[in-house]
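Below is one structure, written out as structure tokens, with a few remarks after it.
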Amino acid sequence: MIDSDAFVRAMQDMGVDFFTGVPDSLLGGIIAELIDRHLYTPAVREDEAVAMAAGAYMAGKIPAVLMQNSGLGTSLNTLISLNVIYRQPCILIVSWRGQGGKDAPEHLVMGEVMPQFLDTMKIPHRTLTEKTAVEDFKWVAETFMKQRIPVALFIGKGVVKGLHP
């Protein structure tokens, strides 16, 4: 399991200096760490967080947006009509609710289709694992800056330390 502190340090090491998003239990440890470091600006909705990230990028920041995968549906129009077509990159840190058909019923459909959903939107994505974390973070940094579009890093349950053991 990756410690939340190590996750935040890795993001900062790649230059991320603006974090926003909508709370999710799988991302709770990361968000708590960001709040402790005074680095987190909460958003009411995922599409608002994506727009805030675009504004931060235009102000010279390197943004990351934290959300659960159901938030991808909420933020679809903003991602396509703002971030993708105007080359406003952001790193999407997405908890993979419903991964492998295990979760509350409301998470199962998006959990099943999330990779194909992002493929359809032409948003590159990768799944973070403890074993491949160094390569995963390197891929995010390189892809984000080279393509200047949103990229997604999926985080499954138990990969990053949460608020509760």
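Scheme for the structure tokens: letters A, B, ... for chains in order shown; per-chain residue numbers from 1; ligand numbers from 1 in order shown.
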Review point. Could you pull out the strand (DSSP E or B) residues of chain A from DSSP and send them as a list in words?
Key: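 Residues of chain A classed as strand (DSSP E or B): Ile2, Phe18, Phe19, Thr20, Gly21, Tyr40, Thr41, Pro42, Pro63, Ala64, Val65, Leu66, Met67, Gln68, Ile91, Leu92, Ile93, Val94, Ser95, His125, Arg126, Thr127, Val151, Ala152, Leu153, Phe154, Ile155 and Val160 of chain A.
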Residues of the last selection are to be written out with N, CA, C and O atoms, as an mmCIF file, in the first residue's frame.
data_model
loop_
_atom_site.group_PDB
_atom_site.id
_atom_site.type_symbol
_atom_site.label_atom_id
_atom_site.label_comp_id
_atom_site.auth_asym_id
_atom_site.auth_seq_id
_atom_site.Cartn_x
_atom_site.Cartn_y
_atom_site.Cartn_z
ATOM 1 N N ILE A 2 0.530 2.212 -0.837
ATOM 2 C CA ILE A 2 1.285 3.460 -0.945
ATOM 3 C C ILE A 2 0.779 4.429 0.123
ATOM 4 O O ILE A 2 -0.429 4.637 0.249
ATOM 5 N N PHE A 18 -1.320 22.557 -7.809
ATOM 6 C CA PHE A 18 -2.713 22.952 -7.598
ATOM 7 C C PHE A 18 -3.556 21.687 -7.556
ATOM 8 O O PHE A 18 -3.555 20.906 -8.511
ATOM 9 N N PHE A 19 -4.231 21.475 -6.435
ATOM 10 C CA PHE A 19 -5.060 20.289 -6.242
ATOM 11 C C PHE A 19 -6.478 20.722 -5.912
ATOM 12 O O PHE A 19 -6.691 21.547 -5.023
ATOM 13 N N THR A 20 -7.428 20.160 -6.610
ATOM 14 C CA THR A 20 -8.839 20.419 -6.341
ATOM 15 C C THR A 20 -9.597 19.123 -6.553
ATOM 16 O O THR A 20 -9.046 18.142 -7.052
ATOM 17 N N GLY A 21 -10.852 19.118 -6.191
ATOM 18 C CA GLY A 21 -11.641 17.930 -6.427
ATOM 19 C C GLY A 21 -12.839 17.828 -5.523
ATOM 20 O O GLY A 21 -13.188 18.762 -4.802
ATOM 21 N N TYR A 40 -5.059 21.936 -0.908
ATOM 22 C CA TYR A 40 -6.305 21.455 -1.512
ATOM 23 C C TYR A 40 -7.360 22.552 -1.538
ATOM 24 O O TYR A 40 -7.636 23.191 -0.530
ATOM 25 N N THR A 41 -7.936 22.762 -2.709
ATOM 26 C CA THR A 41 -9.058 23.681 -2.880
ATOM 27 C C THR A 41 -10.276 22.837 -3.253
ATOM 28 O O THR A 41 -10.348 22.326 -4.368
ATOM 29 N N PRO A 42 -11.219 22.682 -2.327
ATOM 30 C CA PRO A 42 -12.375 21.814 -2.616
ATOM 31 C C PRO A 42 -13.295 22.405 -3.676
ATOM 32 O O PRO A 42 -13.378 23.626 -3.832
ATOM 33 N N PRO A 63 -2.062 21.499 -12.555
ATOM 34 C CA PRO A 63 -3.207 21.065 -11.756
ATOM 35 C C PRO A 63 -3.480 19.566 -11.758
ATOM 36 O O PRO A 63 -3.197 18.860 -12.719
ATOM 37 N N ALA A 64 -4.074 19.141 -10.631
ATOM 38 C CA ALA A 64 -4.599 17.787 -10.506
ATOM 39 C C ALA A 64 -6.013 17.877 -9.942
ATOM 40 O O ALA A 64 -6.295 18.713 -9.083
ATOM 41 N N VAL A 65 -6.883 17.023 -10.453
ATOM 42 C CA VAL A 65 -8.276 16.969 -10.017
ATOM 43 C C VAL A 65 -8.544 15.588 -9.445
ATOM 44 O O VAL A 65 -8.312 14.582 -10.115
ATOM 45 N N LEU A 66 -9.042 15.539 -8.216
ATOM 46 C CA LEU A 66 -9.369 14.282 -7.560
ATOM 47 C C LEU A 66 -10.874 14.060 -7.617
ATOM 48 O O LEU A 66 -11.646 14.971 -7.312
ATOM 49 N N MET A 67 -11.273 12.856 -8.012
ATOM 50 C CA MET A 67 -12.701 12.525 -8.107
ATOM 51 C C MET A 67 -12.869 11.015 -8.147
ATOM 52 O O MET A 67 -11.936 10.285 -8.488
ATOM 53 N N GLN A 68 -14.075 10.565 -7.819
ATOM 54 C CA GLN A 68 -14.372 9.164 -8.070
ATOM 55 C C GLN A 68 -14.835 9.034 -9.517
ATOM 56 O O GLN A 68 -15.170 10.026 -10.168
ATOM 57 N N ILE A 91 -4.206 16.607 -14.503
ATOM 58 C CA ILE A 91 -4.053 15.216 -14.106
ATOM 59 C C ILE A 91 -5.309 14.828 -13.346
ATOM 60 O O ILE A 91 -5.649 15.449 -12.339
ATOM 61 N N LEU A 92 -6.012 13.847 -13.855
ATOM 62 C CA LEU A 92 -7.220 13.350 -13.207
ATOM 63 C C LEU A 92 -6.837 12.172 -12.317
ATOM 64 O O LEU A 92 -6.367 11.148 -12.819
ATOM 65 N N ILE A 93 -6.995 12.342 -11.031
ATOM 66 C CA ILE A 93 -6.737 11.267 -10.073
ATOM 67 C C ILE A 93 -8.104 10.684 -9.744
ATOM 68 O O ILE A 93 -8.909 11.312 -9.056
ATOM 69 N N VAL A 94 -8.365 9.501 -10.279
ATOM 70 C CA VAL A 94 -9.721 8.956 -10.281
ATOM 71 C C VAL A 94 -9.784 7.658 -9.484
ATOM 72 O O VAL A 94 -9.093 6.687 -9.825
ATOM 73 N N SER A 95 -10.616 7.651 -8.443
ATOM 74 C CA SER A 95 -10.808 6.404 -7.708
ATOM 75 C C SER A 95 -11.676 5.478 -8.554
ATOM 76 O O SER A 95 -12.669 5.897 -9.125
ATOM 77 N N HIS A 125 -4.960 7.026 -20.049
ATOM 78 C CA HIS A 125 -5.154 6.617 -18.663
ATOM 79 C C HIS A 125 -4.232 5.461 -18.314
ATOM 80 O O HIS A 125 -3.726 4.765 -19.187
ATOM 81 N N ARG A 126 -4.038 5.315 -17.021
ATOM 82 C CA ARG A 126 -3.201 4.245 -16.498
ATOM 83 C C ARG A 126 -3.692 3.922 -15.092
ATOM 84 O O ARG A 126 -4.191 4.800 -14.390
ATOM 85 N N THR A 127 -3.529 2.686 -14.672
ATOM 86 C CA THR A 127 -3.939 2.271 -13.337
ATOM 87 C C THR A 127 -2.712 2.186 -12.435
ATOM 88 O O THR A 127 -1.757 1.479 -12.739
ATOM 89 N N VAL A 151 -4.937 13.690 -18.513
ATOM 90 C CA VAL A 151 -4.571 12.282 -18.394
ATOM 91 C C VAL A 151 -5.147 11.779 -17.079
ATOM 92 O O VAL A 151 -5.297 12.554 -16.129
ATOM 93 N N ALA A 152 -5.499 10.518 -17.036
ATOM 94 C CA ALA A 152 -6.126 9.957 -15.844
ATOM 95 C C ALA A 152 -5.251 8.886 -15.211
ATOM 96 O O ALA A 152 -4.671 8.047 -15.910
ATOM 97 N N LEU A 153 -5.179 8.950 -13.896
ATOM 98 C CA LEU A 153 -4.505 7.924 -13.107
ATOM 99 C C LEU A 153 -5.580 7.278 -12.236
ATOM 100 O O LEU A 153 -6.149 7.927 -11.357
ATOM 101 N N PHE A 154 -5.884 6.004 -12.526
ATOM 102 C CA PHE A 154 -6.902 5.282 -11.768
ATOM 103 C C PHE A 154 -6.297 4.741 -10.481
ATOM 104 O O PHE A 154 -5.181 4.221 -10.489
ATOM 105 N N ILE A 155 -7.065 4.829 -9.394
ATOM 106 C CA ILE A 155 -6.621 4.289 -8.115
ATOM 107 C C ILE A 155 -7.699 3.355 -7.584
ATOM 108 O O ILE A 155 -8.822 3.780 -7.318
ATOM 109 N N VAL A 160 -3.714 3.136 -2.262
ATOM 110 C CA VAL A 160 -3.170 4.254 -1.493
ATOM 111 C C VAL A 160 -3.849 4.230 -0.123
ATOM 112 O O VAL A 160 -5.065 4.047 -0.019
#
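Taking atom CA of A:Ile62 as the reference point, atom CA of A:Leu39 is found at 12.3 Å.
The protein and nucleic acid residues lying at most 7 Å from stretch 5-11 of chain A are Ile2, Met14, Gly15, Val16, Ile30 and Glu33 of chain A, with only C-alpha atoms considered and sequence neighbours fewer than 3 positions away removed.
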Hey, can you spit out that residue selection with C-alpha atoms as a CSV table (one decimal), in the first residue's frame?
chain,number,residue,atom,x,y,z
A,2,ILE,CA,1.3,3.5,-0.9
A,14,MET,CA,6.4,16.1,-10.9
A,15,GLY,CA,5.5,19.7,-10.4
A,16,VAL,CA,1.8,19.5,-9.5
A,30,ILE,CA,-4.7,11.8,-0.1
A,33,GLU,CA,-2.7,14.9,3.4
**Study point:** Which of chain A fall in alpha helix (DSSP H), as a PyMOL selection string
**Key:** chain A and resi 4-13+28-36+46-58+70-78+105-120+133-147
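Picture a line from atom CA of A:Met58 to atom CA of A:Arg37; it runs 23.0 Å.
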Practice item. Report the distance between atom CA of A:Pro23 and atom CA of A:Trp96 in Å, rounded to one decimal place. Key: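 Answer for the atom CA of A:Pro23 to atom CA of A:Trp96 separation: 13.4 Å.
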Practice item. Write out as a count of residues only which residues come within 8 Å of A:Arg45 when counting only C-alpha atoms, dropping same-chain ones fewer than 6 positions away. Key: 4
Point to revise | Shortest interatomic distance to A:His107 - which of A:Pro89, A:Gly73, A:Gly162, A:Pro150, counting only C-alpha atoms | key: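 Using only C-alpha atoms, A:His107 sits closest to A:Gly73.
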Practice item. Tell me which of A:Arg148, A:Glu46, A:Cys90, A:Leu82 sits closest to A:Lys61, counting only C-alpha atoms. Key: A:Cys90
Review point. Which residues come within 10 Å of A:Tyr86, counting only C-alpha atoms, excluding same-chain residues fewer than 6 positions away, as a list in words?
Key: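 Here the qualifying residues turn out to be Ala54, Leu79, Ile80, Arg148 and Ile149 of chain A.
Distance check against A:Asp17 using only C-alpha atoms: of A:Ala43, A:Ala53, A:Ala32, A:Val113, the minimum falls on A:Ala53.
Residue nearest A:Gln88 within the list A:Leu26, A:Val140, A:Leu108, A:Ala59: A:Ala59 [criterion: smallest interatomic distance, only C-alpha atoms].
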**Study point:** Option closest in space to A:Lys122, from A:Val84, A:Lys157, A:Ile35, A:Asn69 [counting only C-alpha atoms]
**Key:**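 Checking each of A:Val84, A:Lys157, A:Ile35, A:Asn69 against A:Lys122, counting only C-alpha atoms, the winner is A:Val84.
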Practice item. Rank A:Ser70, A:Lys146, A:Trp139, A:Gly156 by their smallest atom-to-atom distance to A:Phe117, using only C-alpha atoms, and report the top residue only. Key: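 Selected residue with least distance to A:Phe117: A:Ser70.
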